[in-house]
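Encoded as structure tokens, the structure appears first; notes follow it.
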Amino acid sequence: MIGRIVEIADDRRHLFVNRGFMVVRDTEGERKELGQVPLDDIAAVIANAHGMTYTNNLLVALAERGAPFVLCAANHNAVGVLITLDGHHVQAKRIEAQVEASLPTHKRLWAAVVKSKLEQQAAALEAAGAPTAPLLALLRKVKSGDPENVEGQGARRYWNLLFGVDFRRDQDGDGVNALLNYGYTVLRSATARAVVAAGLHPSIGLHHSNDSNAMRLVDDLMEPFRPIVDLKVWQLQRAGERQVTPETKRALVRTLYDDMQSSAGVTPVMVCMQKLAVSLAQVYMGERDKLDLPLPGLPLALAGSLDGD
């Protein structure tokens with residue numbers, strides 16, 4: 001089952017557990033109940049407001065179900081994630097294999113992730129009517145571990161091709177940058193759940209190495225899926241939507257449920273994330289050689305929505 005991403009974006013909201021449901025209550029006036037969501041249906045909760053409160057029982061119930069609780073800053077970036085300590089029945093064995101994986105193995109896997117990201121970026125550019133050759137030309141330059149930082153070279157070309165030569169990626173910026181921040185927060189929460197559910201430790205990354213980043217593996221594995229958010233943001237800003245609003249948030253969350261092509265056929269984006277995390281665990285355990293990365297191309301619903309443009 002694919003769970004729901006639940007976002008709380010309004011101040012003065014109180015969240016608590018009641019009979020298997022997460023209950024949202026307005027803390028002003030009559031403290032009226034605003035809604036209930038079955039706990040077992042929740043994939044992640046994104047706390048994108050600063051006046052909300054929540055009970056410890058809620059956090060425990062979410063952790064027991066492997067649903068991350070994501071805390072957002074004013075720029076819509078994730079600044080904290082509460083995740084379960086017990087995500088898989090052989091978690092200890094898989095984490096032990098993860099820790100013992102060799103540096104050449106990590107370098108080989110990171111190169112595969114970089115190539116996948118470049119392919120997805122090229123697909124996004126093609127859908128936007130922009131040249132793809134500058135990205136595709138970089139594919140053959142990716143070596144084990146990406147020592148020449150081809151990923152960074154691709155990013156510099158990609159942003160200008162997708163959003164124009166004046167665009168600068170700024171995590172503290174508003175407009176398009178804020179939309180990207182929010183979309184990536186949604187991606188990060190879904191990837192975090194996939195990583196923990198696969199029995200892996202989110203701090204032990206393939207490439208990301210910032211000592212202050214407890215989600216290094218999450219940030220590694222979400223890379224091939226970022227272009228999905230990028231293209232949705234491109235579509236929103238072309239339609240005149242340049243701010244983070246309830247409508248644009250819903251549009252970005254819905255990308256997780258769109259179908260895309262995978263080795264197993266048409267599969268929702270969130271399931272592709274889960275398959276990637278599981279395949280990484282299997283590589284660590286010696287059960288397979290390659291990652292189960294999504295095939296090049298856009299989610300089908302997103303591609304279809306652009307056909308008539």
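As shown in the structure tokens, the chain order sets the letters A, B, ...; within each chain, residues go from 1, and ligands are also counted from 1 in the order they appear.
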Among stretch 14-165 of chain A, which ones does DSSP place in alpha helix (DSSP H), written as a short mmCIF file (atom, residue, chain, number, x, y, z; two decimals) with all heavy atoms, in the first residue's frame?
data_model
loop_
_atom_site.label_atom_id
_atom_site.label_comp_id
_atom_site.auth_asym_id
_atom_site.auth_seq_id
_atom_site.Cartn_x
_atom_site.Cartn_y
_atom_site.Cartn_z
N ASN A 56 3.33 13.43 22.36
CA ASN A 56 4.35 12.39 22.26
C ASN A 56 3.74 11.09 21.76
O ASN A 56 4.38 10.34 21.01
CB ASN A 56 5.01 12.18 23.62
CG ASN A 56 6.14 11.18 23.57
OD1 ASN A 56 7.18 11.45 22.97
ND2 ASN A 56 5.96 10.03 24.18
N ASN A 57 2.50 10.80 22.16
CA ASN A 57 1.84 9.58 21.70
C ASN A 57 1.73 9.54 20.18
O ASN A 57 1.83 8.47 19.57
CB ASN A 57 0.44 9.46 22.32
CG ASN A 57 0.50 9.08 23.79
OD1 ASN A 57 1.54 8.64 24.26
ND2 ASN A 57 -0.60 9.26 24.50
N LEU A 58 1.51 10.69 19.56
CA LEU A 58 1.43 10.74 18.11
C LEU A 58 2.78 10.39 17.49
O LEU A 58 2.86 9.58 16.56
CB LEU A 58 1.00 12.13 17.64
CG LEU A 58 1.08 12.35 16.12
CD1 LEU A 58 0.09 11.47 15.38
CD2 LEU A 58 0.86 13.81 15.76
N LEU A 59 3.85 10.98 18.01
CA LEU A 59 5.18 10.71 17.46
C LEU A 59 5.54 9.23 17.62
O LEU A 59 6.12 8.63 16.71
CB LEU A 59 6.22 11.59 18.15
CG LEU A 59 6.02 13.10 18.02
CD1 LEU A 59 7.17 13.84 18.71
CD2 LEU A 59 5.91 13.52 16.57
N VAL A 60 5.19 8.65 18.75
CA VAL A 60 5.45 7.23 18.97
C VAL A 60 4.66 6.38 17.98
O VAL A 60 5.19 5.43 17.38
CB VAL A 60 5.11 6.84 20.42
CG1 VAL A 60 5.13 5.32 20.58
CG2 VAL A 60 6.08 7.49 21.39
N ALA A 61 3.39 6.71 17.78
CA ALA A 61 2.55 5.94 16.87
C ALA A 61 3.06 6.01 15.44
O ALA A 61 3.05 5.01 14.71
CB ALA A 61 1.10 6.45 16.94
N LEU A 62 3.53 7.18 15.01
CA LEU A 62 4.08 7.32 13.67
C LEU A 62 5.37 6.52 13.53
O LEU A 62 5.60 5.84 12.52
CB LEU A 62 4.33 8.80 13.35
CG LEU A 62 3.08 9.67 13.21
CD1 LEU A 62 3.48 11.14 13.08
CD2 LEU A 62 2.26 9.25 11.99
N ALA A 63 6.26 6.62 14.55
CA ALA A 63 7.52 5.89 14.51
C ALA A 63 7.28 4.38 14.45
O ALA A 63 7.98 3.65 13.74
CB ALA A 63 8.38 6.25 15.71
N GLU A 64 6.29 3.90 15.18
CA GLU A 64 5.97 2.46 15.16
C GLU A 64 5.55 1.99 13.78
O GLU A 64 5.72 0.82 13.44
CB GLU A 64 4.86 2.17 16.17
CG GLU A 64 5.31 2.26 17.62
CD GLU A 64 4.16 2.10 18.59
OE1 GLU A 64 2.98 2.25 18.18
OE2 GLU A 64 4.44 1.82 19.77
N GLN A 91 17.26 -5.76 10.20
CA GLN A 91 17.90 -4.46 10.11
C GLN A 91 19.36 -4.51 10.57
O GLN A 91 20.24 -3.95 9.91
CB GLN A 91 17.13 -3.45 10.96
CG GLN A 91 17.75 -2.07 11.01
CD GLN A 91 16.84 -1.08 11.72
OE1 GLN A 91 15.78 -0.75 11.21
NE2 GLN A 91 17.24 -0.63 12.90
N ALA A 92 19.63 -5.15 11.70
CA ALA A 92 21.00 -5.18 12.23
C ALA A 92 21.96 -5.83 11.23
O ALA A 92 23.08 -5.34 11.02
CB ALA A 92 21.03 -5.93 13.56
N LYS A 93 21.52 -6.91 10.62
CA LYS A 93 22.37 -7.60 9.65
C LYS A 93 22.63 -6.73 8.43
O LYS A 93 23.76 -6.68 7.90
CB LYS A 93 21.69 -8.91 9.24
CG LYS A 93 22.56 -9.83 8.40
CD LYS A 93 21.86 -11.15 8.16
CE LYS A 93 22.75 -12.11 7.35
NZ LYS A 93 22.07 -13.41 7.13
N ARG A 94 21.62 -6.02 7.97
CA ARG A 94 21.79 -5.17 6.79
C ARG A 94 22.67 -3.96 7.10
O ARG A 94 23.50 -3.56 6.28
CB ARG A 94 20.42 -4.73 6.25
CG ARG A 94 19.67 -5.86 5.57
CD ARG A 94 18.42 -5.40 4.84
NE ARG A 94 17.87 -6.46 4.01
CZ ARG A 94 16.83 -6.33 3.20
NH1 ARG A 94 16.21 -5.16 3.11
NH2 ARG A 94 16.42 -7.34 2.47
N ILE A 95 22.49 -3.37 8.26
CA ILE A 95 23.34 -2.23 8.63
C ILE A 95 24.79 -2.67 8.79
O ILE A 95 25.72 -1.96 8.40
CB ILE A 95 22.82 -1.55 9.90
CG1 ILE A 95 21.49 -0.85 9.62
CG2 ILE A 95 23.84 -0.55 10.44
CD1 ILE A 95 20.86 -0.17 10.82
N GLU A 96 25.00 -3.86 9.32
CA GLU A 96 26.36 -4.39 9.44
C GLU A 96 27.00 -4.54 8.06
O GLU A 96 28.16 -4.17 7.85
CB GLU A 96 26.33 -5.75 10.15
CG GLU A 96 27.69 -6.34 10.43
CD GLU A 96 27.59 -7.65 11.19
OE1 GLU A 96 27.04 -8.63 10.63
OE2 GLU A 96 28.04 -7.69 12.35
N ALA A 97 26.23 -5.05 7.10
CA ALA A 97 26.74 -5.17 5.73
C ALA A 97 26.96 -3.80 5.10
O ALA A 97 27.92 -3.60 4.34
CB ALA A 97 25.77 -5.99 4.89
N GLN A 98 26.10 -2.85 5.43
CA GLN A 98 26.23 -1.49 4.93
C GLN A 98 27.53 -0.86 5.43
O GLN A 98 28.27 -0.22 4.66
CB GLN A 98 25.02 -0.67 5.37
CG GLN A 98 24.98 0.77 4.88
CD GLN A 98 23.78 1.53 5.45
OE1 GLN A 98 23.05 1.02 6.30
NE2 GLN A 98 23.59 2.74 5.00
N VAL A 99 27.83 -1.04 6.71
CA VAL A 99 29.04 -0.48 7.30
C VAL A 99 30.29 -1.12 6.69
O VAL A 99 31.30 -0.45 6.46
CB VAL A 99 29.03 -0.68 8.83
CG1 VAL A 99 30.38 -0.32 9.43
CG2 VAL A 99 27.93 0.16 9.47
N GLU A 100 30.21 -2.41 6.39
CA GLU A 100 31.37 -3.14 5.90
C GLU A 100 31.56 -3.02 4.39
O GLU A 100 32.57 -3.50 3.85
CB GLU A 100 31.25 -4.62 6.28
CG GLU A 100 31.32 -4.86 7.79
CD GLU A 100 31.13 -6.31 8.16
OE1 GLU A 100 30.73 -7.11 7.28
OE2 GLU A 100 31.34 -6.65 9.34
N LEU A 103 34.89 0.78 -0.21
CA LEU A 103 34.87 2.07 -0.88
C LEU A 103 34.64 1.91 -2.39
O LEU A 103 33.86 2.68 -2.97
CB LEU A 103 36.18 2.81 -0.60
CG LEU A 103 36.31 4.21 -1.23
CD1 LEU A 103 35.19 5.13 -0.74
CD2 LEU A 103 37.67 4.82 -0.89
N PRO A 104 35.29 0.93 -3.07
CA PRO A 104 34.99 0.74 -4.50
C PRO A 104 33.52 0.45 -4.77
O PRO A 104 32.98 0.89 -5.78
CB PRO A 104 35.88 -0.46 -4.87
CG PRO A 104 37.03 -0.38 -3.93
CD PRO A 104 36.43 0.09 -2.63
N THR A 105 32.87 -0.30 -3.85
CA THR A 105 31.45 -0.56 -4.03
C THR A 105 30.65 0.73 -3.95
O THR A 105 29.77 0.98 -4.80
CB THR A 105 30.95 -1.54 -2.96
OG1 THR A 105 31.59 -2.80 -3.12
CG2 THR A 105 29.43 -1.74 -3.05
N HIS A 106 30.93 1.56 -2.97
CA HIS A 106 30.23 2.83 -2.84
C HIS A 106 30.47 3.72 -4.06
O HIS A 106 29.55 4.39 -4.55
CB HIS A 106 30.67 3.54 -1.57
CG HIS A 106 29.95 3.07 -0.35
ND1 HIS A 106 30.37 3.34 0.93
CD2 HIS A 106 28.81 2.33 -0.21
CE1 HIS A 106 29.54 2.81 1.80
NE2 HIS A 106 28.58 2.18 1.14
N LYS A 107 31.69 3.74 -4.56
CA LYS A 107 32.00 4.57 -5.73
C LYS A 107 31.25 4.09 -6.96
O LYS A 107 30.73 4.89 -7.73
CB LYS A 107 33.51 4.56 -5.97
CG LYS A 107 34.32 5.36 -4.98
CD LYS A 107 35.80 5.37 -5.37
CE LYS A 107 36.60 6.29 -4.47
NZ LYS A 107 38.03 6.34 -4.86
N ARG A 108 31.20 2.77 -7.14
CA ARG A 108 30.47 2.21 -8.29
C ARG A 108 28.98 2.54 -8.21
O ARG A 108 28.36 2.93 -9.22
CB ARG A 108 30.69 0.70 -8.32
CG ARG A 108 29.89 -0.03 -9.39
CD ARG A 108 30.27 -1.50 -9.44
NE ARG A 108 30.00 -2.20 -8.20
CZ ARG A 108 28.81 -2.71 -7.87
NH1 ARG A 108 27.76 -2.57 -8.70
NH2 ARG A 108 28.63 -3.36 -6.73
N LEU A 109 28.41 2.41 -7.04
CA LEU A 109 26.99 2.68 -6.87
C LEU A 109 26.69 4.17 -7.06
O LEU A 109 25.67 4.53 -7.66
CB LEU A 109 26.53 2.22 -5.49
CG LEU A 109 26.62 0.72 -5.23
CD1 LEU A 109 26.25 0.41 -3.79
CD2 LEU A 109 25.74 -0.07 -6.19
N TRP A 110 27.57 5.04 -6.55
CA TRP A 110 27.34 6.47 -6.71
C TRP A 110 27.39 6.87 -8.18
O TRP A 110 26.60 7.70 -8.64
CB TRP A 110 28.35 7.28 -5.90
CG TRP A 110 28.22 8.76 -6.10
CD1 TRP A 110 29.13 9.62 -6.64
CD2 TRP A 110 27.06 9.56 -5.78
NE1 TRP A 110 28.64 10.89 -6.68
CE2 TRP A 110 27.37 10.89 -6.16
CE3 TRP A 110 25.82 9.27 -5.22
CZ2 TRP A 110 26.47 11.93 -5.98
CZ3 TRP A 110 24.92 10.32 -5.06
CH2 TRP A 110 25.24 11.63 -5.43
N ALA A 111 28.29 6.28 -8.95
CA ALA A 111 28.36 6.57 -10.38
C ALA A 111 27.04 6.20 -11.07
O ALA A 111 26.56 6.93 -11.95
CB ALA A 111 29.53 5.82 -11.02
N ALA A 112 26.46 5.09 -10.66
CA ALA A 112 25.17 4.69 -11.25
C ALA A 112 24.08 5.68 -10.89
O ALA A 112 23.22 6.01 -11.73
CB ALA A 112 24.80 3.29 -10.75
N VAL A 113 24.09 6.20 -9.66
CA VAL A 113 23.11 7.19 -9.25
C VAL A 113 23.28 8.48 -10.05
O VAL A 113 22.29 9.08 -10.52
CB VAL A 113 23.23 7.47 -7.73
CG1 VAL A 113 22.40 8.69 -7.33
CG2 VAL A 113 22.80 6.26 -6.92
N VAL A 114 24.51 8.91 -10.25
CA VAL A 114 24.77 10.14 -11.01
C VAL A 114 24.28 9.99 -12.45
O VAL A 114 23.65 10.91 -13.00
CB VAL A 114 26.27 10.49 -10.98
CG1 VAL A 114 26.58 11.63 -11.95
CG2 VAL A 114 26.69 10.88 -9.56
N LYS A 115 24.57 8.87 -13.06
CA LYS A 115 24.10 8.65 -14.45
C LYS A 115 22.58 8.68 -14.52
O LYS A 115 22.01 9.27 -15.45
CB LYS A 115 24.63 7.31 -14.96
CG LYS A 115 26.13 7.30 -15.24
CD LYS A 115 26.58 5.94 -15.76
CE LYS A 115 28.06 5.92 -16.04
NZ LYS A 115 28.52 4.59 -16.52
N SER A 116 21.93 8.06 -13.55
CA SER A 116 20.47 8.06 -13.54
C SER A 116 19.93 9.49 -13.39
O SER A 116 18.97 9.87 -14.07
CB SER A 116 19.96 7.17 -12.41
OG SER A 116 18.55 7.18 -12.35
N LYS A 117 20.56 10.26 -12.53
CA LYS A 117 20.11 11.64 -12.34
C LYS A 117 20.27 12.45 -13.63
O LYS A 117 19.37 13.21 -14.01
CB LYS A 117 20.91 12.30 -11.22
CG LYS A 117 20.49 13.74 -10.95
CD LYS A 117 21.30 14.35 -9.81
CE LYS A 117 20.86 15.79 -9.53
NZ LYS A 117 21.62 16.40 -8.41
N LEU A 118 21.40 12.29 -14.32
CA LEU A 118 21.61 13.01 -15.57
C LEU A 118 20.57 12.60 -16.62
O LEU A 118 20.07 13.45 -17.37
CB LEU A 118 23.02 12.72 -16.10
CG LEU A 118 24.17 13.35 -15.32
CD1 LEU A 118 25.51 12.78 -15.80
CD2 LEU A 118 24.18 14.88 -15.48
N GLU A 119 20.24 11.32 -16.67
CA GLU A 119 19.23 10.86 -17.62
C GLU A 119 17.86 11.46 -17.31
O GLU A 119 17.13 11.87 -18.22
CB GLU A 119 19.15 9.33 -17.58
CG GLU A 119 20.36 8.64 -18.17
CD GLU A 119 20.34 7.14 -17.94
OE1 GLU A 119 19.62 6.67 -17.02
OE2 GLU A 119 21.05 6.42 -18.67
N GLN A 120 17.51 11.53 -16.04
CA GLN A 120 16.23 12.11 -15.67
C GLN A 120 16.22 13.62 -15.90
O GLN A 120 15.19 14.20 -16.27
CB GLN A 120 15.91 11.79 -14.21
CG GLN A 120 15.82 10.31 -13.88
CD GLN A 120 14.65 9.61 -14.59
OE1 GLN A 120 13.82 10.24 -15.25
NE2 GLN A 120 14.58 8.31 -14.46
N GLN A 121 17.35 14.28 -15.67
CA GLN A 121 17.43 15.71 -15.97
C GLN A 121 17.25 15.96 -17.47
O GLN A 121 16.56 16.90 -17.88
CB GLN A 121 18.77 16.27 -15.50
CG GLN A 121 18.88 16.43 -13.99
CD GLN A 121 20.26 16.87 -13.56
OE1 GLN A 121 21.27 16.48 -14.14
NE2 GLN A 121 20.32 17.68 -12.50
N ALA A 122 17.85 15.11 -18.29
CA ALA A 122 17.69 15.24 -19.73
C ALA A 122 16.23 15.04 -20.14
O ALA A 122 15.71 15.74 -21.02
CB ALA A 122 18.59 14.24 -20.46
N ALA A 123 15.55 14.08 -19.47
CA ALA A 123 14.13 13.86 -19.77
C ALA A 123 13.31 15.08 -19.40
O ALA A 123 12.36 15.45 -20.12
CB ALA A 123 13.63 12.62 -19.02
N ALA A 124 13.64 15.71 -18.28
CA ALA A 124 12.92 16.93 -17.88
C ALA A 124 13.14 18.04 -18.89
O ALA A 124 12.20 18.77 -19.26
CB ALA A 124 13.37 17.37 -16.49
N LEU A 125 14.37 18.19 -19.36
CA LEU A 125 14.67 19.23 -20.36
C LEU A 125 13.92 18.96 -21.66
O LEU A 125 13.38 19.88 -22.28
CB LEU A 125 16.17 19.28 -20.62
CG LEU A 125 17.04 19.80 -19.48
CD1 LEU A 125 18.52 19.68 -19.84
CD2 LEU A 125 16.70 21.25 -19.14
N GLU A 126 13.88 17.70 -22.06
CA GLU A 126 13.16 17.36 -23.30
C GLU A 126 11.68 17.73 -23.18
O GLU A 126 11.09 18.28 -24.11
CB GLU A 126 13.32 15.87 -23.59
CG GLU A 126 12.64 15.43 -24.89
CD GLU A 126 12.86 13.97 -25.18
OE1 GLU A 126 13.32 13.23 -24.28
OE2 GLU A 126 12.55 13.55 -26.32
N ALA A 127 11.09 17.42 -22.04
CA ALA A 127 9.67 17.75 -21.83
C ALA A 127 9.44 19.25 -21.83
O ALA A 127 8.38 19.73 -22.25
CB ALA A 127 9.19 17.16 -20.52
N ALA A 133 21.23 17.69 -25.28
CA ALA A 133 22.60 17.27 -25.60
C ALA A 133 23.62 17.66 -24.54
O ALA A 133 24.51 16.85 -24.22
CB ALA A 133 23.01 17.82 -26.97
N PRO A 134 23.55 18.87 -23.94
CA PRO A 134 24.55 19.23 -22.93
C PRO A 134 24.56 18.29 -21.72
O PRO A 134 25.61 18.10 -21.10
CB PRO A 134 24.12 20.64 -22.51
CG PRO A 134 23.41 21.19 -23.71
CD PRO A 134 22.67 20.02 -24.27
N LEU A 135 23.41 17.70 -21.38
CA LEU A 135 23.36 16.76 -20.27
C LEU A 135 23.77 15.36 -20.70
O LEU A 135 24.55 14.68 -20.03
CB LEU A 135 21.95 16.72 -19.66
CG LEU A 135 21.64 17.67 -18.51
CD1 LEU A 135 22.44 17.31 -17.27
CD2 LEU A 135 21.90 19.11 -18.89
N LEU A 136 23.26 14.92 -21.86
CA LEU A 136 23.56 13.57 -22.32
C LEU A 136 25.04 13.41 -22.64
O LEU A 136 25.60 12.31 -22.49
CB LEU A 136 22.71 13.25 -23.55
CG LEU A 136 21.19 13.18 -23.29
CD1 LEU A 136 20.44 12.96 -24.59
CD2 LEU A 136 20.86 12.08 -22.29
N ALA A 137 25.70 14.50 -23.05
CA ALA A 137 27.13 14.43 -23.36
C ALA A 137 27.96 14.13 -22.12
O ALA A 137 29.09 13.64 -22.23
CB ALA A 137 27.58 15.75 -23.99
N LEU A 138 27.41 14.42 -20.96
CA LEU A 138 28.16 14.19 -19.73
C LEU A 138 28.10 12.74 -19.25
O LEU A 138 28.93 12.33 -18.42
CB LEU A 138 27.62 15.10 -18.62
CG LEU A 138 27.84 16.61 -18.80
CD1 LEU A 138 27.13 17.39 -17.69
CD2 LEU A 138 29.33 16.94 -18.81
N LEU A 139 27.15 11.97 -19.75
CA LEU A 139 26.96 10.61 -19.26
C LEU A 139 28.23 9.77 -19.38
O LEU A 139 28.62 9.06 -18.46
CB LEU A 139 25.81 9.93 -20.00
CG LEU A 139 24.40 10.26 -19.53
CD1 LEU A 139 23.36 9.70 -20.50
CD2 LEU A 139 24.17 9.70 -18.13
N VAL A 150 31.03 15.35 -12.22
CA VAL A 150 30.17 15.52 -13.39
C VAL A 150 28.75 15.90 -12.95
O VAL A 150 28.06 16.64 -13.64
CB VAL A 150 30.16 14.24 -14.24
CG1 VAL A 150 29.19 14.37 -15.42
CG2 VAL A 150 31.56 13.94 -14.75
N GLU A 151 28.35 15.40 -11.79
CA GLU A 151 27.04 15.78 -11.27
C GLU A 151 26.93 17.29 -11.13
O GLU A 151 25.93 17.90 -11.53
CB GLU A 151 26.79 15.12 -9.91
CG GLU A 151 25.42 15.43 -9.34
CD GLU A 151 25.36 15.37 -7.83
OE1 GLU A 151 26.42 15.25 -7.20
OE2 GLU A 151 24.25 15.46 -7.29
N GLY A 152 27.95 17.93 -10.56
CA GLY A 152 27.94 19.38 -10.41
C GLY A 152 27.98 20.11 -11.73
O GLY A 152 27.31 21.14 -11.91
N GLN A 153 28.75 19.58 -12.68
CA GLN A 153 28.80 20.18 -14.01
C GLN A 153 27.43 20.12 -14.66
O GLN A 153 26.99 21.09 -15.30
CB GLN A 153 29.81 19.43 -14.88
CG GLN A 153 31.25 19.50 -14.41
CD GLN A 153 32.17 18.65 -15.29
OE1 GLN A 153 32.03 18.64 -16.51
NE2 GLN A 153 33.09 17.92 -14.67
N GLY A 154 26.77 18.98 -14.49
CA GLY A 154 25.43 18.84 -15.06
C GLY A 154 24.45 19.81 -14.44
O GLY A 154 23.61 20.39 -15.14
N ALA A 155 24.54 20.01 -13.11
CA ALA A 155 23.62 20.91 -12.43
C ALA A 155 23.75 22.33 -12.96
O ALA A 155 22.75 23.03 -13.19
CB ALA A 155 23.88 20.88 -10.93
N ARG A 156 24.98 22.79 -13.17
CA ARG A 156 25.18 24.16 -13.67
C ARG A 156 24.56 24.35 -15.05
O ARG A 156 23.98 25.41 -15.34
CB ARG A 156 26.68 24.47 -13.70
CG ARG A 156 27.28 24.69 -12.31
CD ARG A 156 28.69 25.21 -12.38
NE ARG A 156 29.63 24.21 -12.87
CZ ARG A 156 30.25 23.32 -12.10
NH1 ARG A 156 30.01 23.29 -10.80
NH2 ARG A 156 31.10 22.45 -12.61
N ARG A 157 24.67 23.35 -15.90
CA ARG A 157 24.06 23.46 -17.24
C ARG A 157 22.54 23.33 -17.15
O ARG A 157 21.80 24.06 -17.82
CB ARG A 157 24.62 22.35 -18.15
CG ARG A 157 26.12 22.41 -18.35
CD ARG A 157 26.59 21.30 -19.28
NE ARG A 157 28.04 21.25 -19.39
CZ ARG A 157 28.70 20.46 -20.23
NH1 ARG A 157 28.03 19.64 -21.02
NH2 ARG A 157 30.02 20.48 -20.27
N TYR A 158 22.11 22.41 -16.32
CA TYR A 158 20.70 22.04 -16.24
C TYR A 158 19.82 23.20 -15.77
O TYR A 158 18.78 23.50 -16.38
CB TYR A 158 20.59 20.86 -15.28
CG TYR A 158 19.21 20.43 -14.88
CD1 TYR A 158 18.35 19.79 -15.76
CD2 TYR A 158 18.77 20.63 -13.56
CE1 TYR A 158 17.09 19.37 -15.37
CE2 TYR A 158 17.52 20.20 -13.15
CZ TYR A 158 16.68 19.58 -14.06
OH TYR A 158 15.43 19.16 -13.66
N TRP A 159 20.22 23.89 -14.68
CA TRP A 159 19.37 24.94 -14.14
C TRP A 159 19.14 26.05 -15.16
O TRP A 159 18.01 26.55 -15.32
CB TRP A 159 19.97 25.52 -12.87
CG TRP A 159 19.93 24.61 -11.68
CD1 TRP A 159 20.99 24.20 -10.92
CD2 TRP A 159 18.77 23.98 -11.12
NE1 TRP A 159 20.56 23.36 -9.92
CE2 TRP A 159 19.21 23.21 -10.01
CE3 TRP A 159 17.42 24.00 -11.43
CZ2 TRP A 159 18.34 22.47 -9.23
CZ3 TRP A 159 16.55 23.26 -10.64
CH2 TRP A 159 17.00 22.51 -9.57
N ASN A 160 20.18 26.43 -15.87
CA ASN A 160 20.03 27.50 -16.85
C ASN A 160 19.19 27.07 -18.05
O ASN A 160 18.46 27.88 -18.62
CB ASN A 160 21.41 27.98 -17.33
CG ASN A 160 22.15 28.75 -16.26
OD1 ASN A 160 21.56 29.22 -15.29
ND2 ASN A 160 23.46 28.86 -16.40
N LEU A 161 19.31 25.81 -18.44
CA LEU A 161 18.52 25.32 -19.55
C LEU A 161 17.05 25.19 -19.18
O LEU A 161 16.17 25.45 -20.02
CB LEU A 161 19.05 23.95 -20.01
CG LEU A 161 20.41 23.97 -20.72
CD1 LEU A 161 20.96 22.55 -20.85
CD2 LEU A 161 20.27 24.60 -22.11
N LEU A 162 16.76 24.82 -17.93
CA LEU A 162 15.37 24.61 -17.53
C LEU A 162 14.67 25.90 -17.15
O LEU A 162 13.53 26.15 -17.58
CB LEU A 162 15.31 23.61 -16.36
CG LEU A 162 13.91 23.18 -15.91
CD1 LEU A 162 13.18 22.46 -17.04
CD2 LEU A 162 14.00 22.27 -14.68
N PHE A 163 15.34 26.75 -16.37
CA PHE A 163 14.68 27.95 -15.84
C PHE A 163 15.23 29.27 -16.40
O PHE A 163 14.76 30.33 -16.01
CB PHE A 163 14.80 27.97 -14.31
CG PHE A 163 13.95 26.95 -13.62
CD1 PHE A 163 14.52 25.90 -12.93
CD2 PHE A 163 12.56 27.02 -13.67
CE1 PHE A 163 13.75 24.95 -12.28
CE2 PHE A 163 11.77 26.07 -13.04
CZ PHE A 163 12.36 25.03 -12.34
#
As JSON, numbers by chain, please: all residues of stretch 6-240 of chain A that backbone DSSP puts in strand (DSSP E or B). {"A": [6, 7, 8, 13, 14, 15, 16, 17, 18, 21, 22, 23, 24, 25, 26, 33, 34, 35, 36, 37, 38, 42, 43, 44, 45, 46, 47, 53, 54, 69, 70, 71, 72, 78, 79, 80, 81, 82]}
Residues near A:Gly173, anyone? I mean within 12 Å using only C-alpha atoms, not counting same-chain ones fewer than 5 positions away, as a list in words.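 Neighbouring residues, sequence-local ones excluded: Ala74, Asn75, His76, Asn77, Phe167, Arg168, Ala178, Leu179, Leu180, Asn181, Tyr182, Arg242, Gln243 and Val244 of chain A.
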What is the atom CA of A:Val196-atom CA of A:Lys232 distance in Å, reported with one decimal?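 Atom-to-atom, atom CA of A:Val196 and atom CA of A:Lys232 are spaced 26.8 Å apart.
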Would you please work out which residue, of A:Val186, A:Val165, A:Ala101, A:Ala239, is nearest to A:Leu71 when using only C-alpha atoms? A:Val186
Measure the distance from atom CA of A:Ser279 to atom CA of A:Val70 in Å and round it to one decimal.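 These atoms are spaced 24.8 Å apart.
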Quote the spacing between atom CA of A:Arg31 and atom CA of A:Ile8 in Å to one decimal place.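 Result for atom CA of A:Arg31 versus atom CA of A:Ile8: 16.2 Å, one decimal.
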